[in-house]
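Colleague: The structure file entry_18.cif (mmCIF, C-alpha atoms and all ligand atoms) is provided below.
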```cif
data_final
loop_
_atom_site.label_atom_id
_atom_site.label_comp_id
_atom_site.auth_asym_id
_atom_site.auth_seq_id
_atom_site.Cartn_x
_atom_site.Cartn_y
_atom_site.Cartn_z
CA MET U 1 23.19 26.78 -5.41
CA PHE U 2 24.81 23.95 -3.56
CA SER U 3 27.07 25.66 -1.12
CA GLY U 4 29.17 22.64 -0.34
CA ARG U 5 27.40 21.67 2.85
CA PHE U 6 25.08 18.74 2.97
CA ARG U 7 21.47 19.58 2.83
CA HIS U 8 19.33 17.47 5.03
CA ILE U 9 16.13 16.25 3.59
CA PHE U 10 12.94 15.17 5.15
CA ILE U 11 10.48 12.46 4.62
CA ALA U 12 7.38 14.13 3.34
CA SER U 13 4.94 12.33 5.55
CA LEU U 14 3.15 12.80 8.78
CA LEU U 15 3.76 9.79 10.92
CA LEU U 16 0.73 10.60 12.95
CA LEU U 17 -2.02 8.15 12.42
CA PHE U 18 -1.10 4.69 13.49
CA VAL U 19 -3.37 1.82 12.80
CA LEU U 20 -5.65 1.22 15.72
CA GLY U 21 -9.03 -0.42 15.65
CA GLY U 22 -11.01 -1.32 12.63
CA VAL U 23 -8.76 -3.58 10.65
CA LEU U 24 -7.15 -6.52 12.37
CA LEU U 25 -4.10 -7.82 10.61
CA SER U 26 -2.34 -11.05 11.30
CA GLN U 27 0.47 -13.04 9.80
CA ALA U 28 -1.36 -16.27 10.40
CA GLY U 29 -3.53 -15.80 7.36
CA LEU U 30 -6.61 -16.84 9.27
CA LYS U 31 -9.05 -14.86 11.27
CA VAL U 32 -11.27 -16.60 13.74
CA GLU U 33 -14.48 -14.70 13.95
CA ALA U 34 -15.44 -13.22 17.27
CA GLN U 35 -17.60 -15.40 19.44
CA GLY U 36 -20.85 -13.83 18.37
CA LYS U 37 -23.89 -16.01 17.87
CA SER U 38 -24.14 -14.70 14.31
CA ASN U 39 -21.13 -16.81 13.37
CA VAL U 40 -22.67 -20.03 14.60
CA ILE U 41 -23.62 -22.47 11.86
CA PRO U 42 -27.11 -23.80 12.71
CA ASN U 43 -27.32 -27.52 13.58
CA ASN U 44 -23.61 -28.08 12.98
CA PHE U 45 -21.56 -29.29 15.93
CA ILE U 46 -18.24 -30.70 16.95
CA VAL U 47 -18.72 -33.68 19.22
CA VAL U 48 -15.72 -34.10 21.52
CA LEU U 49 -15.40 -37.60 22.92
CA LYS U 50 -13.68 -38.58 26.13
CA ASP U 51 -9.94 -39.16 25.81
CA ASP U 52 -10.14 -42.91 26.48
CA ILE U 53 -12.32 -43.60 23.46
CA GLY U 54 -10.45 -46.11 21.30
CA SER U 55 -12.10 -45.57 17.95
CA PRO U 56 -13.79 -42.25 17.31
CA GLN U 57 -14.78 -43.58 13.89
CA ASP U 58 -16.74 -46.45 15.46
CA VAL U 59 -18.48 -44.09 17.88
CA ALA U 60 -19.33 -41.68 15.08
CA ASN U 61 -20.78 -44.48 12.98
CA GLU U 62 -22.83 -45.82 15.88
CA MET U 63 -24.16 -42.39 16.91
CA ALA U 64 -24.97 -41.54 13.31
CA ARG U 65 -27.20 -44.61 13.11
CA THR U 66 -28.76 -44.11 16.53
CA HIS U 67 -29.47 -40.38 16.32
CA GLY U 68 -29.66 -39.73 12.59
CA LEU U 69 -26.49 -37.65 12.52
CA SER U 70 -24.73 -36.68 9.34
CA VAL U 71 -21.01 -37.03 10.15
CA GLU U 72 -18.48 -35.04 8.21
CA HIS U 73 -14.98 -35.09 9.76
CA VAL U 74 -13.69 -37.64 12.26
CA TYR U 75 -10.80 -36.61 14.55
CA SER U 76 -8.44 -39.01 16.28
CA THR U 77 -5.20 -37.16 17.06
CA ALA U 78 -5.59 -33.52 18.09
CA LEU U 79 -8.77 -34.57 19.79
CA LYS U 80 -11.11 -37.54 19.77
CA GLY U 81 -14.38 -36.74 18.12
CA PHE U 82 -16.21 -35.79 14.99
CA SER U 83 -18.16 -33.04 13.33
CA ALA U 84 -21.76 -33.61 12.37
CA THR U 85 -25.10 -32.14 11.58
CA ILE U 86 -27.32 -32.98 14.54
CA PRO U 87 -31.12 -32.68 14.47
CA GLN U 88 -32.30 -30.25 17.18
CA ALA U 89 -34.48 -32.91 18.80
CA ARG U 90 -31.47 -35.22 19.24
CA LEU U 91 -28.96 -32.70 20.58
CA ASP U 92 -29.63 -33.32 24.27
CA LYS U 93 -29.36 -37.07 23.78
CA VAL U 94 -25.98 -36.68 22.08
CA LYS U 95 -24.75 -34.37 24.83
CA GLY U 96 -25.91 -36.86 27.44
CA ASP U 97 -24.15 -39.83 25.89
CA SER U 98 -21.64 -41.25 28.39
CA ARG U 99 -18.88 -41.26 25.76
CA VAL U 100 -19.23 -37.54 25.03
CA GLN U 101 -17.10 -35.01 26.91
CA PHE U 102 -18.79 -31.94 25.41
CA VAL U 103 -20.37 -30.60 22.22
CA SER U 104 -19.18 -27.38 20.55
CA GLU U 105 -21.13 -25.27 18.16
CA ASP U 106 -19.48 -25.09 14.76
CA ARG U 107 -18.61 -21.53 13.69
CA VAL U 108 -17.48 -19.69 10.62
CA VAL U 109 -13.75 -19.22 10.11
CA GLU U 110 -12.62 -17.39 7.02
CA ALA U 111 -9.44 -16.62 5.18
CA PHE U 112 -8.22 -13.31 6.42
CA ALA U 113 -9.43 -11.04 3.68
CA GLN U 114 -7.16 -8.61 1.92
CA THR U 115 -8.31 -5.09 2.68
CA THR U 116 -8.57 -2.62 -0.16
CA PRO U 117 -7.14 0.67 1.14
CA THR U 118 -9.42 3.66 0.58
CA GLY U 119 -6.84 5.31 -1.67
CA ILE U 120 -6.77 2.32 -3.99
CA SER U 121 -10.57 2.47 -4.16
CA ARG U 122 -10.53 6.23 -4.61
CA VAL U 123 -8.28 6.09 -7.68
CA ASN U 124 -10.38 3.15 -8.93
CA ALA U 125 -7.34 0.97 -9.60
CA LEU U 126 -8.88 -2.44 -9.05
CA VAL U 127 -11.31 -2.28 -11.95
CA ASN U 128 -8.45 -1.83 -14.39
CA PRO U 129 -7.40 -5.19 -15.90
CA ASN U 130 -3.99 -3.61 -16.49
CA LYS U 131 -1.88 -4.51 -13.44
CA GLY U 132 1.38 -2.95 -14.60
CA THR U 133 2.88 -6.41 -15.09
CA GLY U 134 6.66 -6.35 -15.22
CA ILE U 135 7.09 -2.57 -15.08
CA GLY U 136 9.92 -1.75 -12.67
CA VAL U 137 9.23 0.97 -10.09
CA ALA U 138 12.14 2.19 -7.96
CA VAL U 139 11.27 3.30 -4.44
CA ILE U 140 13.96 5.82 -3.51
CA ASP U 141 13.34 6.01 0.21
CA THR U 142 14.22 4.23 3.48
CA GLY U 143 14.30 0.88 1.67
CA ILE U 144 11.61 -1.78 1.47
CA ASP U 145 10.96 -4.67 3.88
CA LEU U 146 12.54 -7.29 1.62
CA ALA U 147 10.83 -10.18 3.41
CA HIS U 148 7.36 -8.66 3.67
CA PRO U 149 4.85 -11.35 2.64
CA ASP U 150 2.73 -8.77 0.83
CA LEU U 151 5.69 -7.30 -1.10
CA LYS U 152 8.53 -9.78 -1.47
CA ASN U 153 7.29 -11.51 -4.61
CA ASN U 154 7.36 -8.18 -6.43
CA ILE U 155 10.82 -7.06 -5.25
CA VAL U 156 13.45 -7.73 -7.92
CA ALA U 157 16.46 -5.74 -6.73
CA ASN U 158 17.74 -3.62 -3.88
CA LYS U 159 20.52 -1.13 -3.28
CA SER U 160 21.79 0.78 -0.24
CA CYS U 161 23.28 4.24 -0.43
CA ILE U 162 23.48 4.49 3.36
CA ARG U 163 26.72 3.75 5.14
CA GLY U 164 26.26 0.87 7.55
CA ALA U 165 23.24 -0.54 5.71
CA LYS U 166 24.34 -3.39 3.46
CA THR U 167 21.06 -3.86 1.61
CA GLY U 168 17.97 -1.95 0.64
CA ASN U 169 16.04 -3.49 3.53
CA ASP U 170 13.82 -1.00 5.36
CA ASP U 171 14.68 -0.17 8.98
CA ASN U 172 12.18 2.69 9.19
CA GLY U 173 8.87 1.67 7.61
CA HIS U 174 8.26 4.66 5.37
CA GLY U 175 9.65 3.12 2.18
CA SER U 176 7.71 -0.10 2.75
CA HIS U 177 4.53 1.96 3.06
CA VAL U 178 5.24 3.72 -0.23
CA ALA U 179 6.05 0.39 -1.89
CA GLY U 180 2.76 -1.17 -0.78
CA THR U 181 0.69 1.60 -2.31
CA ILE U 182 2.53 1.09 -5.59
CA ALA U 183 2.62 -2.68 -5.80
CA ALA U 184 1.47 -4.69 -2.79
CA VAL U 185 0.56 -8.13 -4.08
CA ASN U 186 -3.05 -8.93 -4.91
CA ASN U 187 -3.43 -12.04 -2.72
CA ASP U 188 -5.50 -12.96 0.32
CA ILE U 189 -3.55 -10.96 2.89
CA GLY U 190 -2.96 -7.36 3.83
CA VAL U 191 -3.41 -4.73 1.18
CA VAL U 192 -3.17 -4.31 -2.59
CA GLY U 193 -1.30 -1.72 -4.63
CA VAL U 194 -2.27 0.41 -7.62
CA ALA U 195 -0.13 -1.76 -9.91
CA PRO U 196 -0.04 -5.12 -8.10
CA GLU U 197 2.03 -6.87 -10.76
CA ALA U 198 4.63 -4.14 -11.16
CA LYS U 199 8.13 -4.93 -9.91
CA LEU U 200 9.69 -3.08 -6.99
CA ILE U 201 13.29 -1.94 -6.69
CA ALA U 202 14.29 -0.94 -3.16
CA VAL U 203 16.74 1.95 -3.14
CA LYS U 204 17.73 3.00 0.35
CA VAL U 205 18.83 6.64 0.52
CA LEU U 206 17.37 7.57 3.92
CA ASN U 207 18.50 6.14 7.24
CA ARG U 208 16.49 4.53 9.99
CA ILE U 209 15.11 7.86 11.21
CA GLY U 210 14.14 8.87 7.68
CA SER U 211 16.97 11.31 7.21
CA GLY U 212 19.42 11.49 4.35
CA THR U 213 21.48 13.83 2.26
CA TRP U 214 21.34 14.95 -1.33
CA SER U 215 24.50 12.97 -1.87
CA SER U 216 22.80 9.77 -0.79
CA VAL U 217 19.72 10.60 -2.87
CA ILE U 218 21.88 11.21 -5.92
CA CYS U 219 23.57 7.87 -5.26
CA GLY U 220 20.13 6.32 -5.53
CA VAL U 221 19.18 8.23 -8.67
CA ASP U 222 22.51 7.28 -10.19
CA TRP U 223 22.09 3.60 -9.41
CA VAL U 224 18.54 3.60 -10.77
CA THR U 225 19.73 5.16 -14.00
CA ALA U 226 22.61 2.72 -14.38
CA ASN U 227 20.34 -0.26 -13.73
CA ALA U 228 17.19 0.90 -15.49
CA ALA U 229 17.68 -1.44 -18.43
CA THR U 230 18.60 -4.44 -16.28
CA PHE U 231 15.48 -4.23 -14.09
CA ASN U 232 13.13 -2.53 -16.57
CA ILE U 233 12.89 0.50 -14.27
CA LYS U 234 10.42 2.89 -15.90
CA VAL U 235 9.19 4.77 -12.83
CA ALA U 236 10.80 6.10 -9.65
CA ASN U 237 9.02 7.42 -6.58
CA MET U 238 10.60 10.01 -4.32
CA SER U 239 8.46 10.70 -1.28
CA LEU U 240 11.09 12.99 0.16
CA GLY U 241 12.33 16.51 -0.19
CA GLY U 242 13.96 19.57 1.22
CA SER U 243 14.04 23.29 0.67
CA GLY U 244 15.30 24.51 -2.68
CA SER U 245 14.22 25.92 -5.99
CA SER U 246 14.30 25.12 -9.67
CA ASP U 247 16.01 26.87 -12.55
CA ASN U 248 13.89 24.81 -14.92
CA ASN U 249 17.14 24.10 -16.71
CA CYS U 250 18.11 20.82 -15.10
CA GLY U 251 20.24 22.60 -12.53
CA ASN U 252 22.70 23.79 -15.13
CA THR U 253 21.96 27.46 -14.41
CA ASN U 254 21.94 27.34 -10.62
CA GLY U 255 24.39 24.48 -10.12
CA ASP U 256 21.92 21.95 -8.65
CA ALA U 257 23.38 18.44 -8.82
CA LEU U 258 20.21 16.68 -7.71
CA HIS U 259 18.23 18.41 -10.40
CA LYS U 260 20.78 17.47 -13.02
CA ALA U 261 20.85 13.87 -11.88
CA ILE U 262 17.07 13.56 -12.08
CA CYS U 263 16.97 15.16 -15.54
CA ASN U 264 19.56 12.71 -16.79
CA SER U 265 17.67 9.81 -15.25
CA THR U 266 14.43 11.04 -16.82
CA ASN U 267 16.17 11.29 -20.19
CA ALA U 268 17.26 7.67 -19.73
CA GLY U 269 13.58 6.68 -19.58
CA VAL U 270 12.67 6.82 -15.88
CA THR U 271 9.58 8.86 -14.94
CA TYR U 272 9.76 10.44 -11.46
CA ALA U 273 6.73 10.90 -9.21
CA VAL U 274 7.56 13.04 -6.19
CA ALA U 275 5.80 14.35 -3.10
CA ALA U 276 4.84 18.04 -3.09
CA GLY U 277 5.67 18.35 0.63
CA ASN U 278 3.64 18.83 3.81
CA SER U 279 4.30 22.44 4.77
CA SER U 280 1.03 24.08 3.65
CA ASP U 281 3.26 26.18 1.42
CA ASP U 282 4.10 26.73 -2.23
CA ALA U 283 5.76 23.58 -3.53
CA SER U 284 8.08 25.66 -5.70
CA LYS U 285 10.16 26.22 -2.53
CA PHE U 286 10.79 22.49 -2.17
CA VAL U 287 12.82 20.11 -4.27
CA PRO U 288 12.51 17.79 -6.08
CA ALA U 289 8.84 18.92 -6.29
CA ALA U 290 9.89 22.26 -7.78
CA TYR U 291 11.65 20.65 -10.75
CA ASP U 292 8.89 21.43 -13.21
CA ASP U 293 11.02 20.35 -16.15
CA THR U 294 11.56 16.77 -15.03
CA VAL U 295 9.22 15.39 -12.30
CA ILE U 296 5.53 14.81 -11.64
CA ALA U 297 4.74 16.58 -8.36
CA VAL U 298 1.86 15.25 -6.28
CA SER U 299 -0.32 16.92 -3.65
CA ALA U 300 -2.44 15.10 -1.06
CA LEU U 301 -6.20 14.63 -1.15
CA ALA U 302 -8.20 13.91 2.00
CA ASP U 303 -10.57 11.03 1.26
CA SER U 304 -12.27 9.04 3.97
CA ASP U 305 -14.48 6.59 2.09
CA GLY U 306 -12.65 5.55 -1.04
CA GLN U 307 -15.27 7.17 -3.21
CA PRO U 308 -15.63 10.50 -5.02
CA GLY U 309 -18.38 12.96 -4.18
CA GLY U 310 -17.51 14.30 -0.74
CA LEU U 311 -20.00 12.08 1.07
CA GLY U 312 -17.57 10.51 3.55
CA PRO U 313 -16.89 11.78 7.07
CA ALA U 314 -14.45 14.63 7.58
CA THR U 315 -10.80 13.74 8.17
CA SER U 316 -8.29 15.32 10.55
CA TYR U 317 -7.01 17.30 7.58
CA GLY U 318 -10.21 18.51 6.00
CA ALA U 319 -13.52 17.43 4.54
CA ASP U 320 -13.82 14.30 2.42
CA ASP U 321 -12.61 14.89 -1.14
CA THR U 322 -10.86 18.17 -0.47
CA PHE U 323 -7.11 18.69 -0.46
CA ALA U 324 -5.35 17.94 2.82
CA THR U 325 -4.66 21.02 4.90
CA PHE U 326 -0.97 20.07 5.23
CA SER U 327 -0.41 19.65 1.51
CA ASN U 328 1.85 21.95 -0.44
CA TYR U 329 0.29 23.55 -3.50
CA GLY U 330 1.08 25.81 -6.42
CA SER U 331 1.78 25.83 -10.12
CA VAL U 332 4.48 23.15 -9.99
CA VAL U 333 1.98 20.60 -8.65
CA ASP U 334 0.74 18.31 -11.43
CA LEU U 335 -1.70 15.90 -9.78
CA GLY U 336 -3.44 15.20 -6.49
CA ALA U 337 -3.83 11.73 -4.97
CA PRO U 338 -5.09 10.23 -1.70
CA GLY U 339 -2.76 11.09 1.17
CA VAL U 340 -4.73 11.00 4.42
CA SER U 341 -5.03 7.91 6.64
CA ILE U 342 -3.57 5.61 4.02
CA LEU U 343 -3.25 1.94 5.00
CA SER U 344 -0.22 0.15 3.57
CA THR U 345 2.65 -2.21 4.34
CA TRP U 346 5.25 -1.45 7.02
CA LYS U 347 8.60 -2.82 8.13
CA GLY U 348 8.77 -6.11 9.98
CA GLY U 349 5.96 -7.61 7.92
CA GLY U 350 3.52 -5.12 9.38
CA TYR U 351 0.96 -2.59 8.26
CA ASN U 352 0.41 1.03 9.21
CA THR U 353 -1.97 3.90 8.49
CA ILE U 354 -0.26 7.26 7.97
CA SER U 355 -0.78 10.55 6.16
CA GLY U 356 1.30 12.81 3.95
CA THR U 357 2.10 13.75 0.41
CA SER U 358 4.53 10.82 0.72
CA MET U 359 1.44 8.60 0.59
CA ALA U 360 -0.05 10.51 -2.36
CA SER U 361 2.98 10.27 -4.64
CA PRO U 362 3.04 6.45 -4.84
CA HIS U 363 -0.57 6.42 -6.07
CA VAL U 364 0.74 8.40 -9.04
CA ALA U 365 3.86 6.24 -9.40
CA GLY U 366 1.66 3.15 -9.59
CA SER U 367 -0.63 4.85 -12.06
CA ALA U 368 2.37 5.80 -14.19
CA ALA U 369 3.38 2.12 -14.26
CA LEU U 370 -0.08 1.23 -15.56
CA TYR U 371 0.02 3.95 -18.19
CA ILE U 372 3.51 2.97 -19.35
CA LYS U 373 2.41 -0.66 -19.57
CA SER U 374 -0.38 0.26 -21.98
CA ASN U 375 1.54 3.08 -23.71
CA PRO U 376 5.19 2.06 -24.04
CA GLY U 377 7.79 4.41 -25.42
CA LEU U 378 6.41 7.74 -24.23
CA THR U 379 8.49 10.53 -22.76
CA TRP U 380 8.04 11.52 -19.12
CA SER U 381 6.06 14.63 -20.07
CA GLN U 382 3.76 12.60 -22.32
CA ILE U 383 3.20 10.25 -19.38
CA ARG U 384 2.43 13.21 -17.10
CA ASP U 385 0.02 14.63 -19.66
CA GLY U 386 -1.66 11.25 -20.10
CA LEU U 387 -2.20 10.89 -16.35
CA VAL U 388 -3.55 14.45 -16.16
CA ALA U 389 -5.92 13.81 -19.08
CA ALA U 390 -7.32 10.69 -17.39
CA ALA U 391 -7.60 12.36 -13.97
CA GLU U 392 -10.65 13.69 -12.12
CA ALA U 393 -11.14 17.38 -12.75
CA LEU U 394 -11.93 19.87 -9.99
CA ASN U 395 -15.60 19.67 -8.97
CA ALA U 396 -16.01 16.35 -10.79
CA GLY U 397 -15.70 14.30 -7.58
CA HIS U 398 -13.70 16.58 -5.32
CA THR U 399 -13.81 20.25 -4.40
CA ASP U 400 -11.28 22.85 -3.35
CA PRO U 401 -12.60 25.32 -0.80
CA SER U 402 -9.01 26.57 -0.31
CA GLY U 403 -8.70 27.79 -3.87
CA LEU U 404 -5.09 26.56 -3.87
CA HIS U 405 -5.45 23.30 -5.79
CA PRO U 406 -6.53 23.45 -9.43
CA GLU U 407 -4.68 20.18 -10.14
CA PRO U 408 -6.83 17.13 -10.98
CA VAL U 409 -6.87 13.94 -8.88
CA VAL U 410 -5.30 10.85 -10.40
CA LYS U 411 -7.61 8.06 -11.61
CA ALA U 412 -6.25 4.64 -12.50
CA ASP U 413 -9.25 2.83 -13.95
CA SER U 414 -8.72 3.70 -17.61
CA LEU U 415 -4.92 3.77 -17.80
CA CA Q 1 -2.16 -8.29 -0.55
CA CA Q 2 -14.52 10.46 -0.68
CA CA Q 3 5.34 20.00 -12.12
#
```
What do you get writing this file as structure tokens?

Modeller:
Amino acid sequence: MFSGRFRHIFIASLLLLFVLGGVLLSQAGLKVEAQGKSNVIPNNFIVVLKDDIGSPQDVANEMARTHGLSVEHVYSTALKGFSATIPQARLDKVKGDSRVQFVSEDRVVEAFAQTTPTGISRVNALVNPNKGTGIGVAVIDTGIDLAHPDLKNNIVANKSCIRGAKTGNDDNGHGSHVAGTIAAVNNDIGVVGVAPEAKLIAVKVLNRIGSGTWSSVICGVDWVTANAATFNIKVANMSLGGSGSSDNNCGNTNGDALHKAICNSTNAGVTYAVAAGNSSDDASKFVPAAYDDTVIAVSALADSDGQPGGLGPATSYGADDTFATFSNYGSVVDLGAPGVSILSTWKGGGYNTISGTSMASPHVAGSAALYIKSNPGLTWSQIRDGLVAAAEALNAGHTDPSGLHPEPVVKADSL
């Protein structure tokens, strides 16, 4: 079926919904609360002394005796002063002291909390004590931001199949987003993945605009297969695709090299999770999703609240806990997973919220890592069947008004 020309492939995502309000992310690791009165700590103050005060410690001691203050910290370099609990009745006297420049209210500052993306909540990953520790997951995509503070500790190898790109570093963002859903680190920043202790392998097969060729994708599949033992690669995610079809014979009947490469990689012990595609069409017209004999194909669920039951607000792509209107469908689809307004990591140490079956597939890839961790030695089809058996059945937390999506929605809590 390959006619000799390169087939261009697309990233199966909708780069539509960029992160705007709601979640504020910063590299500093600290978030100073807004200046609302609710963040003020009652009776706690920072007393700033005039710059010519010689010994803030002496002043603090003297004022503590005089006014009944309880001094905590004394400052002498960045500013002259001290923090203290000050009785309300004494506050005006402290403020009026000739040595005092001004008095600040003390306020709450907190470590910038890691946000749990709704998709991670929806698949119930965090309650599972299994974190996929040490299972290698290859992200065959635009690369991964190798220096991302929420990813780098999990990245164990990288490879570029793109001319002009020396490493598997991500110059697009898409692959970093996929990687974060699989295995963003469970720390105090950013987001967390389905399998936060799995290991990531960055395989760059798409260029900076998210475009590639089958030949570059096969380069990635080939490298993953050759290095599977070295990096314990048990899972690969391919949130990409193009038009095509399957002979369900590993491409040997219709001469499909990509299909053959993936079958051989699967036989070498790598389980492939792939995006079904975003064309509101039958996924059997798109590869690799159509390869029913060798991949797990994933459709996109619209979930707005991280919970089952359809109680969240409607999304741009359908009601809460229904399948996204853009999602491909059909008999080759094996599982659904969250794929609308998914928050994850991005290039340049950033974060982004985007939609697509590209975002759904890594929820399944991460879940496969968990399942393989607790059930080593299974074949890819046993892994698929195990994920399907543990998944949420139709009408058991989601509905399908379209009638196109009988597939269950992945659940990670019991894997
Ligand atoms: Ca994190
Ligand atoms: Ca929901
Ligand atoms: Ca399938």

Colleague: Counting only C-alpha atoms, find residues at most 12 Å from (-13.0, -1.9, -11.5) (file frame) and give them as an MDAnalysis selection string.

Modeller: chainID U and resid 120:131 194 411:415

Colleague: Can you tell me how far atom CA of Asn328 of chain U sits from atom CA of Ala276 of chain U, in Å to one decimal?

Modeller: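 Interatomic distance here is 5.6 Å.
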
Colleague: Would you tabulate, counting all atoms listed in the file, all residues of segment 89-156 of chain U that have an atom at most 12 Å from an atom of segment 171-191 of chain U, showing the closest pair of atoms and their distance in Å to one decimal, sorted by chain then ascending number, as a tab-separated table?

Modeller:
```
residue	atom	partner	partner_atom	distance
U:Glu110	CA	U:Asp188	CA	10.7
U:Ala111	CA	U:Asp188	CA	7.2
U:Phe112	CA	U:Ile189	CA	6.3
U:Ala113	CA	U:Asp188	CA	5.5
U:Gln114	CA	U:Ile189	CA	4.4
U:Thr115	CA	U:Val191	CA	5.1
U:Thr116	CA	U:Val191	CA	5.7
U:Pro117	CA	U:Val191	CA	6.6
U:Thr118	CA	U:Val191	CA	10.3
U:Gly119	CA	U:Thr181	CA	8.4
U:Ile120	CA	U:Thr181	CA	7.7
U:Ser121	CA	U:Thr181	CA	11.4
U:Val123	CA	U:Thr181	CA	11.4
U:Ala125	CA	U:Ile182	CA	10.7
U:Leu126	CA	U:Asn186	CA	9.7
U:Lys131	CA	U:Ala183	CA	9.1
U:Gly132	CA	U:Ala183	CA	8.9
U:Thr133	CA	U:Ala183	CA	10.0
U:Gly134	CA	U:Ala183	CA	10.9
U:Ile135	CA	U:Ala183	CA	10.3
U:Gly136	CA	U:Ala183	CA	10.1
U:Val137	CA	U:Ile182	CA	8.1
U:Ala138	CA	U:Ala179	CA	8.8
U:Val139	CA	U:Ala179	CA	6.5
U:Ile140	CA	U:Gly175	CA	7.6
U:Asp141	CA	U:Gly175	CA	5.1
U:Thr142	CA	U:Gly175	CA	4.9
U:Gly143	CA	U:Gly175	CA	5.2
U:Ile144	CA	U:Ser176	CA	4.4
U:Asp145	CA	U:Ser176	CA	5.7
U:Leu146	CA	U:Ser176	CA	8.7
U:Ala147	CA	U:Ser176	CA	10.6
U:His148	CA	U:Ser176	CA	8.6
U:Pro149	CA	U:Ile189	CA	8.4
U:Asp150	CA	U:Val185	CA	5.4
U:Leu151	CA	U:Ala184	CA	5.2
U:Lys152	CA	U:Val185	CA	8.5
U:Asn153	CA	U:Val185	CA	7.5
U:Asn154	CA	U:Val185	CA	7.2
U:Ile155	CA	U:Ala183	CA	9.3
```

Colleague: One number please: atom CA of Gly397 of chain U to atom CA of Ala319 of chain U, in Å, one decimal.

Modeller: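 Interatomic distance here is 12.7 Å.
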
Colleague: Work out how far atom CA of Asn249 of chain U is from atom CA of Thr230 of chain U, in Å to one decimal.

Modeller: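 Separating atom CA of Thr230 of chain U from atom CA of Asn249 of chain U is a distance of 28.6 Å.
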
Colleague: As an NGL selection string, please: the residues near segment 77-89 of chain U (cut-off 6 Å, only C-alpha atoms, same-chain neighbours under 4 positions excluded).

Modeller: :U and (43-49 or 56 or 69-73)

Colleague: For ligand CA 2 (chain Q), which residue among U:Phe231, U:Trp214, U:Phe286, U:Phe323 is the nearest when counting all atoms listed in the file?

Modeller: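 Of the candidates, the smallest distance to ligand CA 2 (chain Q) is held by U:Phe323.
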
Colleague: So which residues are near ligand CA 2 (chain Q), meaning at most 10 Å away with all atoms listed in the file counted, given back as a list in words?

Modeller: Thr118, Gly119, Ser121, Arg122, Leu301, Ala302, Asp303, Ser304, Asp305, Gly306, Gln307, Pro308, Gly309, Gly310, Leu311, Gly312, Pro313, Ala314, Ala319, Asp320, Asp321, Thr322, Pro338, Gly397 and His398 of chain U

Colleague: Counting all atoms listed in the file, which residue out of U:Asn232, U:Ser245, U:Thr225, U:Thr357 sits closest to Ser280 of chain U?

Modeller: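 Looking at the shortest contact to Ser280 of chain U, the residue is U:Thr357.
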
Colleague: Could you list the protein, DNA and RNA residues that have any atom within 10 Å of ligand CA 3 (chain Q), counting all atoms listed in the file, and write them as a PDB file with C-alpha atoms, keeping the file's coordinate frame?

Modeller:
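Dumped everything to part-v2.pdb:
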```
ATOM      1  CA  ALA U 273       6.730  10.900  -9.210  1.00  0.00           C
ATOM      2  CA  VAL U 274       7.560  13.040  -6.190  1.00  0.00           C
ATOM      3  CA  ALA U 276       4.840  18.040  -3.090  1.00  0.00           C
ATOM      4  CA  ALA U 283       5.760  23.580  -3.530  1.00  0.00           C
ATOM      5  CA  SER U 284       8.080  25.660  -5.700  1.00  0.00           C
ATOM      6  CA  PRO U 288      12.510  17.790  -6.080  1.00  0.00           C
ATOM      7  CA  ALA U 289       8.840  18.920  -6.290  1.00  0.00           C
ATOM      8  CA  ALA U 290       9.890  22.260  -7.780  1.00  0.00           C
ATOM      9  CA  TYR U 291      11.650  20.650 -10.750  1.00  0.00           C
ATOM     10  CA  ASP U 292       8.890  21.430 -13.210  1.00  0.00           C
ATOM     11  CA  ASP U 293      11.020  20.350 -16.150  1.00  0.00           C
ATOM     12  CA  THR U 294      11.560  16.770 -15.030  1.00  0.00           C
ATOM     13  CA  VAL U 295       9.220  15.390 -12.300  1.00  0.00           C
ATOM     14  CA  ILE U 296       5.530  14.810 -11.640  1.00  0.00           C
ATOM     15  CA  ALA U 297       4.740  16.580  -8.360  1.00  0.00           C
ATOM     16  CA  VAL U 298       1.860  15.250  -6.280  1.00  0.00           C
ATOM     17  CA  GLY U 330       1.080  25.810  -6.420  1.00  0.00           C
ATOM     18  CA  SER U 331       1.780  25.830 -10.120  1.00  0.00           C
ATOM     19  CA  VAL U 332       4.480  23.150  -9.990  1.00  0.00           C
ATOM     20  CA  VAL U 333       1.980  20.600  -8.650  1.00  0.00           C
ATOM     21  CA  ASP U 334       0.740  18.310 -11.430  1.00  0.00           C
ATOM     22  CA  LEU U 335      -1.700  15.900  -9.780  1.00  0.00           C
ATOM     23  CA  SER U 381       6.060  14.630 -20.070  1.00  0.00           C
ATOM     24  CA  ARG U 384       2.430  13.210 -17.100  1.00  0.00           C
TER      25      ARG U 384
END
```

Colleague: Of the residues U:Arg208, U:Lys260, U:Arg163, U:Arg99, which is the one nearest to Asp52 of chain U, using all atoms listed in the file?

Modeller: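 Looking at the shortest contact to Asp52 of chain U, the residue is U:Arg99.
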
Colleague: Which one of U:Ile201, U:Val192, U:Val287, U:Val388 sits closest to ligand CA 1 (chain Q) if you count only C-alpha atoms and all ligand atoms?

Modeller: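 Checking each of U:Ile201, U:Val192, U:Val287, U:Val388 against ligand CA 1 (chain Q), counting only C-alpha atoms and all ligand atoms, the winner is U:Val192.
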